[in-house]
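Chemist: So that we are looking at the same thing, I have put the structure below in structure tokens.
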Amino acid sequence: MQIYLNGERQQIPDNTSMAALVESLGLSDKRIAVEVNEELVPRSTYSDYSLKPQDHVEIVHAIGGG
Amino acid sequence: MTNPSNDTFTLAGKEYSSRLLVGTGKYKDLEETDAAISASGAEIVTFAVRRTNIGQDKDQPNLLDVISPDRYTLLPNTAGCFDAKTAVRTCRLARELLDGHNLVKLEVLGDEKTLFPDVTATLEATKELIKDGFDIMVYTNDDPIMAKRLEDLGCISVMPLAAPIGSGLGIRNRLNIRTIVENASVPILVDAGVGTASDAAIAMELGCDGVLMNTAIAAAKNPVLMASAMRKGIEAGREAYLAGRMAPKRFASASSPMDGLFF
């Protein structure tokens with residue numbers, strides 16, 4: 001199925017969990033935060049969170065700024 | 001309060017002795033960021049929230065490896081948000097990023113040329129974030145009415161600009177900053193617009209509780225030395241404020257006695 005990951009189209013297997021997506025991106029041990037369709041997805045729910053086709057996923061981190 | 005060695009201010013229940021808060025943008029690299037922030041003596045450090053670069057070098061050092069939450073109070077900001085909704089989303093992501101830490105610097109910008117705050121959107125975002133349990137330090141205009149309004153809504157600190165973000169123009173309206181300070185019962189920090197150490201000192205002499213800056217340090221030719229200068233400027237201005245300056249006079253007043261002249 002197709003999702004949008006940080007604004008880019010991405011193909012992932014059907015019923016992928018958020019935990020699996022984050023793992024596949026090598027971000028499991030990184031300090032990140034995730035939202036889907038503009039709603040926060042808490043880290044504690046990644047395993048139970050199933051992505052759906054056309055979901056807009058944003059994965060963010062801290063960067064330099066003032 | 002009159003003993004400078006014991007002079008602290010409190011934000012969200014935590015006491016701070018450094019009155020210089022710094023940003024982490026515009027540095028050459030993380031090493032320079034780290035060195036400048038150490039030299040500034042800052043205890044509160046702000047950062048931005050942006051998309052993770054998917055597929056890039058995963059071993060690239062992260063800002064939070066350098067600016068460790070164990071060492072600093074981290075202050076995520078909503079820089080780059082031009083509406084209330086994106087500012088609220090950014091704050092929620094930031095809280096998740098920092099494992100439930102509620103302190104945020106809210107800024108909702110009005111236009112790219114001036115980066116002045118959109119005050120109506122700032123009010124809207126403030127209300128939403130207060131309901132959601134955030135401790136908000138809010139960037140706003142040097143407008144005493146709006147500053148008070150934001151305080152009344154429950155912001156833990158109000159942060160009027162000195163001048164446009166990144167402009168280095170110094171404090172454009174000292175009287176308004178002073179009025180905001182006099183009206184306030186929460187810490188007032190000047191956020192944005194200082195250019196050099198004397199600007200920071202002036203903010204403190206006006207009675208501000210602190211100053212938040214980024215570009216004035218990062219864009220100096222020697223950021224680490226400027227960070228140190230800013231630290232001293234803040235301390236000098238604070239001590240001068242506590243000391244209570246002499247009243248200005250129009251004409252001279254001799255420092256040496258007129259009695260005992262031998263001619």
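To be explicit about the labels: the chains of the structure tokens are called A, B, and onward in the order shown, and within each one the residues are counted from 1, while ligands get numbers from 1 in the order they are shown.
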Listing only residues of chain A within 10 Å of range 98-105 of chain B, what is the closest atom pair and its distance in Å (to one decimal) for each, using only C-alpha atoms, sorted by chain and residue number ascending, as a Markdown table?

Modeler:
```
| residue | atom | partner | partner_atom | distance |
| --- | --- | --- | --- | --- |
| A:Arg31 | CA | B:Leu98 | CA | 8.1 |
| A:Ile32 | CA | B:Leu98 | CA | 8.9 |
| A:Ala33 | CA | B:Leu98 | CA | 8.9 |
| A:Pro42 | CA | B:Asp99 | CA | 9.5 |
| A:Arg43 | CA | B:Asp99 | CA | 9.1 |
| A:Ala62 | CA | B:Leu98 | CA | 9.6 |
| A:Gly66 | CA | B:Lys105 | CA | 9.8 |
```

Chemist: DSSP on the backbone, then: every residue of range 20-159 of chain B marked strand (DSSP E), written as a list in words.

Modeler: Leu20, Leu21, Val22, Ile44, Val45, Thr46, Phe47, Ala48, Val49, Arg50, Arg51, Thr73, Leu74, Leu75, Pro76, Leu103, Val104, Lys105, Leu106, Asp135, Ile136, Met137, Val138, Tyr139, Thr140, Ser157, Val158 and Met159 of chain B

Chemist: Residues near Asn222 in chain B, anyone? I mean within 10 Å using only C-alpha atoms, not counting same-chain ones fewer than 4 positions away, as a compact mmCIF listing (two decimals) with N, CA, C and O atoms, in the first residue's frame.

Modeler:
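Produced file part-v2.txt, reproduced below:
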```
# COMPACT_ATOMS: atom_id res chain seq x y z
N GLU B 32 30.73 23.62 17.33
CA GLU B 32 30.66 25.05 17.62
C GLU B 32 29.43 25.38 18.47
O GLU B 32 29.49 26.22 19.38
N ALA B 36 29.84 27.21 22.04
CA ALA B 36 29.21 28.52 22.28
C ALA B 36 28.23 28.43 23.45
O ALA B 36 28.19 29.33 24.30
N ILE B 217 24.72 35.54 18.78
CA ILE B 217 25.90 34.72 19.11
C ILE B 217 26.37 33.96 17.86
O ILE B 217 27.53 34.05 17.48
N ALA B 218 25.45 33.26 17.24
CA ALA B 218 25.84 32.35 16.14
C ALA B 218 26.40 33.10 14.94
O ALA B 218 27.25 32.57 14.22
N MET B 226 31.65 35.70 21.60
CA MET B 226 30.42 36.50 21.77
C MET B 226 29.51 35.88 22.83
O MET B 226 28.86 36.60 23.59
N ALA B 227 29.48 34.57 22.89
CA ALA B 227 28.66 33.91 23.92
C ALA B 227 29.14 34.32 25.31
O ALA B 227 28.35 34.61 26.21
```

Chemist: One decimal, Å: what's the distance from CA of Asn53 in chain B over to CA of Ala19 in chain A, could you say?

Modeler: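 Between these atoms lies a distance of 17.9 Å.
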
Chemist: Got a sec to pull out which chain A residues are within 9 Å of chain B, counting only C-alpha atoms, and send them as a PyMOL selection string?

Modeler: chain A and resi 5-6+25-27+30-35+38-43+58-66

Chemist: Dump N, CA and C atoms for the selected residues as a compact mmCIF listing (two decimals), in the first residue's frame?

Modeler:
```txt
# COMPACT_ATOMS: atom_id res chain seq x y z
N LEU A 5 5.27 9.52 3.51
CA LEU A 5 6.21 9.57 4.62
C LEU A 5 7.02 10.86 4.49
N ASN A 6 6.86 11.73 5.44
CA ASN A 6 7.51 13.04 5.39
C ASN A 6 7.35 13.70 4.02
N LEU A 25 13.12 1.86 9.08
CA LEU A 25 13.85 3.09 8.75
C LEU A 25 15.10 3.26 9.61
N GLY A 26 15.32 2.30 10.51
CA GLY A 26 16.50 2.36 11.36
C GLY A 26 16.40 3.43 12.43
N LEU A 27 15.17 3.77 12.81
CA LEU A 27 14.98 4.88 13.74
C LEU A 27 14.52 4.44 15.13
N LYS A 30 16.24 6.05 17.98
CA LYS A 30 16.48 7.50 17.82
C LYS A 30 15.42 8.28 18.56
N ARG A 31 15.80 9.51 18.93
CA ARG A 31 14.84 10.39 19.59
C ARG A 31 14.00 11.07 18.50
N ILE A 32 12.83 10.48 18.27
CA ILE A 32 11.93 10.99 17.23
C ILE A 32 10.52 11.13 17.81
N ALA A 33 9.66 11.79 17.07
CA ALA A 33 8.24 11.80 17.39
C ALA A 33 7.48 11.64 16.08
N VAL A 34 6.29 11.07 16.18
CA VAL A 34 5.56 10.68 14.98
C VAL A 34 4.12 11.19 15.05
N GLU A 35 3.64 11.67 13.92
CA GLU A 35 2.20 11.93 13.82
C GLU A 35 1.69 11.32 12.53
N GLU A 38 -1.88 14.31 11.02
CA GLU A 38 -1.86 15.48 11.91
C GLU A 38 -2.20 15.16 13.37
N GLU A 39 -2.25 13.88 13.71
CA GLU A 39 -2.48 13.49 15.11
C GLU A 39 -1.25 12.78 15.64
N LEU A 40 -0.85 13.16 16.85
CA LEU A 40 0.30 12.54 17.47
C LEU A 40 0.09 11.04 17.69
N VAL A 41 1.13 10.26 17.44
CA VAL A 41 1.10 8.83 17.76
C VAL A 41 2.13 8.59 18.87
N PRO A 42 1.69 8.38 20.10
CA PRO A 42 2.64 8.19 21.19
C PRO A 42 3.50 6.94 20.98
N ARG A 43 4.73 7.04 21.41
CA ARG A 43 5.70 5.95 21.25
C ARG A 43 5.16 4.64 21.83
N GLU A 58 4.33 11.74 9.54
CA GLU A 58 5.44 12.69 9.73
C GLU A 58 6.31 12.17 10.86
N ILE A 59 7.60 12.06 10.57
CA ILE A 59 8.57 11.66 11.61
C ILE A 59 9.52 12.84 11.80
N VAL A 60 9.57 13.35 13.03
CA VAL A 60 10.36 14.56 13.28
C VAL A 60 11.42 14.32 14.35
N HIS A 61 12.37 15.23 14.38
CA HIS A 61 13.42 15.19 15.40
C HIS A 61 13.83 16.63 15.75
N ALA A 62 14.75 16.72 16.70
CA ALA A 62 15.21 18.04 17.13
C ALA A 62 16.33 18.51 16.23
N ILE A 63 16.27 19.79 15.83
CA ILE A 63 17.40 20.37 15.09
C ILE A 63 17.70 21.75 15.66
N GLY A 64 18.83 22.30 15.26
CA GLY A 64 19.22 23.63 15.72
C GLY A 64 18.21 24.67 15.30
N GLY A 65 17.88 25.56 16.23
CA GLY A 65 16.94 26.63 15.92
C GLY A 65 16.86 27.58 17.08
N GLY A 66 16.30 28.76 16.83
CA GLY A 66 16.27 29.78 17.89
C GLY A 66 14.88 30.20 18.22
```

Chemist: With DSSP run on the backbone, what are the helix (DSSP H, G or I) residues within range 3-214 of chain B? I'd like them as a ChimeraX atom specification.

Modeler: /B:4-6,30-40,63-66,84-97,119-131,144-153,174-183,197-205

Chemist: Near Asn183 in chain B, counting only C-alpha atoms, which residues have an atom at most 12 Å away, once you skip same-chain residues fewer than 5 positions from it, shown as a PyMOL selection string?

Modeler: chain B and resi 143-149+151-152+158+176-178+188+207-208

Chemist: Could you write out that same residue set with N, CA and C atoms as a tab-separated table (two decimals), in the first residue's frame?

Modeler:
```
chain	number	residue	atom	x	y	z
B	143	ASP	N	4.30	44.82	23.11
B	143	ASP	CA	3.00	45.46	23.31
B	143	ASP	C	2.51	45.11	24.72
B	144	PRO	N	2.46	46.08	25.62
B	144	PRO	CA	2.09	45.78	27.01
B	144	PRO	C	0.70	45.17	27.16
B	145	ILE	N	-0.22	45.55	26.30
B	145	ILE	CA	-1.59	45.02	26.42
B	145	ILE	C	-1.61	43.53	26.09
B	146	MET	N	-0.95	43.19	24.99
B	146	MET	CA	-0.92	41.78	24.59
B	146	MET	C	-0.10	40.94	25.58
B	147	ALA	N	0.96	41.53	26.09
B	147	ALA	CA	1.79	40.80	27.07
B	147	ALA	C	0.94	40.41	28.27
B	148	LYS	N	0.15	41.37	28.73
B	148	LYS	CA	-0.70	41.10	29.90
B	148	LYS	C	-1.77	40.07	29.57
B	149	ARG	N	-2.33	40.19	28.38
B	149	ARG	CA	-3.36	39.23	27.96
B	149	ARG	C	-2.81	37.80	27.97
B	151	GLU	N	-0.24	36.70	29.68
B	151	GLU	CA	-0.01	36.31	31.08
B	151	GLU	C	-1.33	35.85	31.72
B	152	ASP	N	-2.38	36.64	31.49
B	152	ASP	CA	-3.69	36.31	32.08
B	152	ASP	C	-4.23	34.97	31.59
B	158	VAL	N	6.38	35.64	29.48
B	158	VAL	CA	6.06	36.38	28.27
B	158	VAL	C	7.37	36.94	27.72
B	176	ASN	N	8.34	50.51	26.16
B	176	ASN	CA	7.35	49.42	26.18
B	176	ASN	C	7.88	48.22	26.94
B	177	ILE	N	9.15	47.91	26.77
B	177	ILE	CA	9.72	46.77	27.50
B	177	ILE	C	9.61	47.04	29.01
B	178	ARG	N	9.94	48.27	29.39
B	178	ARG	CA	9.84	48.61	30.81
B	178	ARG	C	8.40	48.50	31.31
B	188	ILE	N	9.59	38.10	32.53
B	188	ILE	CA	9.60	38.71	31.20
B	188	ILE	C	11.01	38.56	30.63
B	207	GLY	N	14.96	45.74	33.62
B	207	GLY	CA	14.28	44.90	34.60
B	207	GLY	C	13.80	43.57	34.08
B	208	CYS	N	14.17	43.24	32.85
B	208	CYS	CA	13.79	41.92	32.33
B	208	CYS	C	14.42	40.83	33.19
```

Chemist: Could you work out how far CA of Met18 in chain A lies from CA of Ile130 in chain B, giving the answer in Å with one decimal?

Modeler: 28.9 Å

Chemist: I'd like the interatomic distance between CA of Pro223 in chain B and CA of Lys28 in chain B, to a tenth of an Å.

Modeler: 9.7 Å

Chemist: Just want the 9 Å neighbourhood of Gln54 in chain A, counted on only C-alpha atoms, with same-chain residues fewer than 6 positions away dropped. Output as a ChimeraX atom specification.

Modeler: /A:1-4,9

Chemist: Tell me, as a ChimeraX atom specification, which residues lie within 8 Å of range 110-126 of chain B, counting only C-alpha atoms; anything in the same chain fewer than 2 positions away does not count.

Modeler: /B:82-85,87-88,106-108,128-130,136,139-141,146,150,153,155,164-165

Chemist: Keeping only N, CA, C and O atoms, write the selected residues as a PDB file, in the first residue's frame.

Modeler:
```
ATOM      1  N   PHE B  82       3.213  29.386  11.055  1.00  0.00           N
ATOM      2  CA  PHE B  82       2.504  30.615  10.686  1.00  0.00           C
ATOM      3  C   PHE B  82       1.003  30.512  10.984  1.00  0.00           C
ATOM      4  O   PHE B  82       0.231  31.339  10.546  1.00  0.00           O
ATOM      5  N   ASP B  83       0.594  29.478  11.686  1.00  0.00           N
ATOM      6  CA  ASP B  83      -0.800  29.400  12.120  1.00  0.00           C
ATOM      7  C   ASP B  83      -0.866  28.626  13.430  1.00  0.00           C
ATOM      8  O   ASP B  83       0.080  27.911  13.793  1.00  0.00           O
ATOM      9  N   ALA B  84      -1.980  28.779  14.119  1.00  0.00           N
ATOM     10  CA  ALA B  84      -2.119  28.183  15.451  1.00  0.00           C
ATOM     11  C   ALA B  84      -2.053  26.662  15.383  1.00  0.00           C
ATOM     12  O   ALA B  84      -1.440  26.016  16.222  1.00  0.00           O
ATOM     13  N   LYS B  85      -2.672  26.102  14.368  1.00  0.00           N
ATOM     14  CA  LYS B  85      -2.771  24.644  14.307  1.00  0.00           C
ATOM     15  C   LYS B  85      -1.399  23.970  14.203  1.00  0.00           C
ATOM     16  O   LYS B  85      -1.117  22.992  14.909  1.00  0.00           O
ATOM     17  N   ALA B  87       1.401  25.226  15.110  1.00  0.00           N
ATOM     18  CA  ALA B  87       2.133  25.467  16.356  1.00  0.00           C
ATOM     19  C   ALA B  87       1.725  24.456  17.426  1.00  0.00           C
ATOM     20  O   ALA B  87       2.573  23.913  18.139  1.00  0.00           O
ATOM     21  N   VAL B  88       0.430  24.183  17.510  1.00  0.00           N
ATOM     22  CA  VAL B  88      -0.059  23.213  18.503  1.00  0.00           C
ATOM     23  C   VAL B  88       0.462  21.806  18.172  1.00  0.00           C
ATOM     24  O   VAL B  88       0.937  21.083  19.055  1.00  0.00           O
ATOM     25  N   LEU B 106       6.384  29.124  22.490  1.00  0.00           N
ATOM     26  CA  LEU B 106       5.376  29.293  21.436  1.00  0.00           C
ATOM     27  C   LEU B 106       5.659  30.547  20.637  1.00  0.00           C
ATOM     28  O   LEU B 106       5.784  31.643  21.202  1.00  0.00           O
ATOM     29  N   GLU B 107       5.783  30.384  19.346  1.00  0.00           N
ATOM     30  CA  GLU B 107       5.804  31.542  18.467  1.00  0.00           C
ATOM     31  C   GLU B 107       4.961  31.221  17.260  1.00  0.00           C
ATOM     32  O   GLU B 107       5.104  30.162  16.651  1.00  0.00           O
ATOM     33  N   VAL B 108       4.020  32.096  16.964  1.00  0.00           N
ATOM     34  CA  VAL B 108       3.219  31.952  15.752  1.00  0.00           C
ATOM     35  C   VAL B 108       3.485  33.208  14.941  1.00  0.00           C
ATOM     36  O   VAL B 108       3.200  34.324  15.389  1.00  0.00           O
ATOM     37  N   GLU B 128      -5.372  26.759  23.363  1.00  0.00           N
ATOM     38  CA  GLU B 128      -5.388  25.323  23.066  1.00  0.00           C
ATOM     39  C   GLU B 128      -4.307  24.589  23.875  1.00  0.00           C
ATOM     40  O   GLU B 128      -4.559  23.525  24.446  1.00  0.00           O
ATOM     41  N   LEU B 129      -3.131  25.185  23.935  1.00  0.00           N
ATOM     42  CA  LEU B 129      -2.006  24.522  24.614  1.00  0.00           C
ATOM     43  C   LEU B 129      -2.173  24.529  26.127  1.00  0.00           C
ATOM     44  O   LEU B 129      -1.763  23.595  26.814  1.00  0.00           O
ATOM     45  N   ILE B 130      -2.769  25.591  26.663  1.00  0.00           N
ATOM     46  CA  ILE B 130      -3.029  25.645  28.112  1.00  0.00           C
ATOM     47  C   ILE B 130      -3.977  24.503  28.488  1.00  0.00           C
ATOM     48  O   ILE B 130      -3.755  23.789  29.457  1.00  0.00           O
ATOM     49  N   ILE B 136       3.828  27.397  28.876  1.00  0.00           N
ATOM     50  CA  ILE B 136       4.133  28.160  27.661  1.00  0.00           C
ATOM     51  C   ILE B 136       4.956  29.403  27.957  1.00  0.00           C
ATOM     52  O   ILE B 136       4.570  30.247  28.764  1.00  0.00           O
ATOM     53  N   TYR B 139       6.400  34.060  22.708  1.00  0.00           N
ATOM     54  CA  TYR B 139       7.004  35.163  21.939  1.00  0.00           C
ATOM     55  C   TYR B 139       5.891  36.105  21.495  1.00  0.00           C
ATOM     56  O   TYR B 139       4.870  35.668  20.965  1.00  0.00           O
ATOM     57  N   THR B 140       6.092  37.395  21.719  1.00  0.00           N
ATOM     58  CA  THR B 140       5.064  38.348  21.295  1.00  0.00           C
ATOM     59  C   THR B 140       5.710  39.694  20.950  1.00  0.00           C
ATOM     60  O   THR B 140       6.925  39.848  21.005  1.00  0.00           O
ATOM     61  N   ASN B 141       4.869  40.616  20.562  1.00  0.00           N
ATOM     62  CA  ASN B 141       5.327  41.982  20.282  1.00  0.00           C
ATOM     63  C   ASN B 141       5.707  42.705  21.566  1.00  0.00           C
ATOM     64  O   ASN B 141       5.330  42.291  22.650  1.00  0.00           O
ATOM     65  N   MET B 146      -0.951  43.186  24.991  1.00  0.00           N
ATOM     66  CA  MET B 146      -0.917  41.776  24.586  1.00  0.00           C
ATOM     67  C   MET B 146      -0.100  40.944  25.578  1.00  0.00           C
ATOM     68  O   MET B 146      -0.466  39.804  25.881  1.00  0.00           O
ATOM     69  N   LEU B 150      -1.605  37.652  27.470  1.00  0.00           N
ATOM     70  CA  LEU B 150      -0.981  36.314  27.418  1.00  0.00           C
ATOM     71  C   LEU B 150      -0.670  35.795  28.818  1.00  0.00           C
ATOM     72  O   LEU B 150      -0.839  34.619  29.114  1.00  0.00           O
ATOM     73  N   LEU B 153      -3.864  34.606  30.361  1.00  0.00           N
ATOM     74  CA  LEU B 153      -4.309  33.299  29.839  1.00  0.00           C
ATOM     75  C   LEU B 153      -3.575  32.145  30.510  1.00  0.00           C
ATOM     76  O   LEU B 153      -3.993  30.999  30.418  1.00  0.00           O
ATOM     77  N   CYS B 155       0.204  31.902  30.483  1.00  0.00           N
ATOM     78  CA  CYS B 155       1.593  31.672  30.044  1.00  0.00           C
ATOM     79  C   CYS B 155       2.522  31.830  31.240  1.00  0.00           C
ATOM     80  O   CYS B 155       2.338  32.727  32.062  1.00  0.00           O
ATOM     81  N   PRO B 164      13.057  42.741  15.200  1.00  0.00           N
ATOM     82  CA  PRO B 164      12.776  41.514  14.450  1.00  0.00           C
ATOM     83  C   PRO B 164      13.815  40.404  14.684  1.00  0.00           C
ATOM     84  O   PRO B 164      15.011  40.689  14.863  1.00  0.00           O
ATOM     85  N   ILE B 165      13.338  39.175  14.667  1.00  0.00           N
ATOM     86  CA  ILE B 165      14.183  37.989  14.852  1.00  0.00           C
ATOM     87  C   ILE B 165      15.378  38.054  13.902  1.00  0.00           C
ATOM     88  O   ILE B 165      15.213  38.283  12.702  1.00  0.00           O
TER      89      ILE B 165
END
```
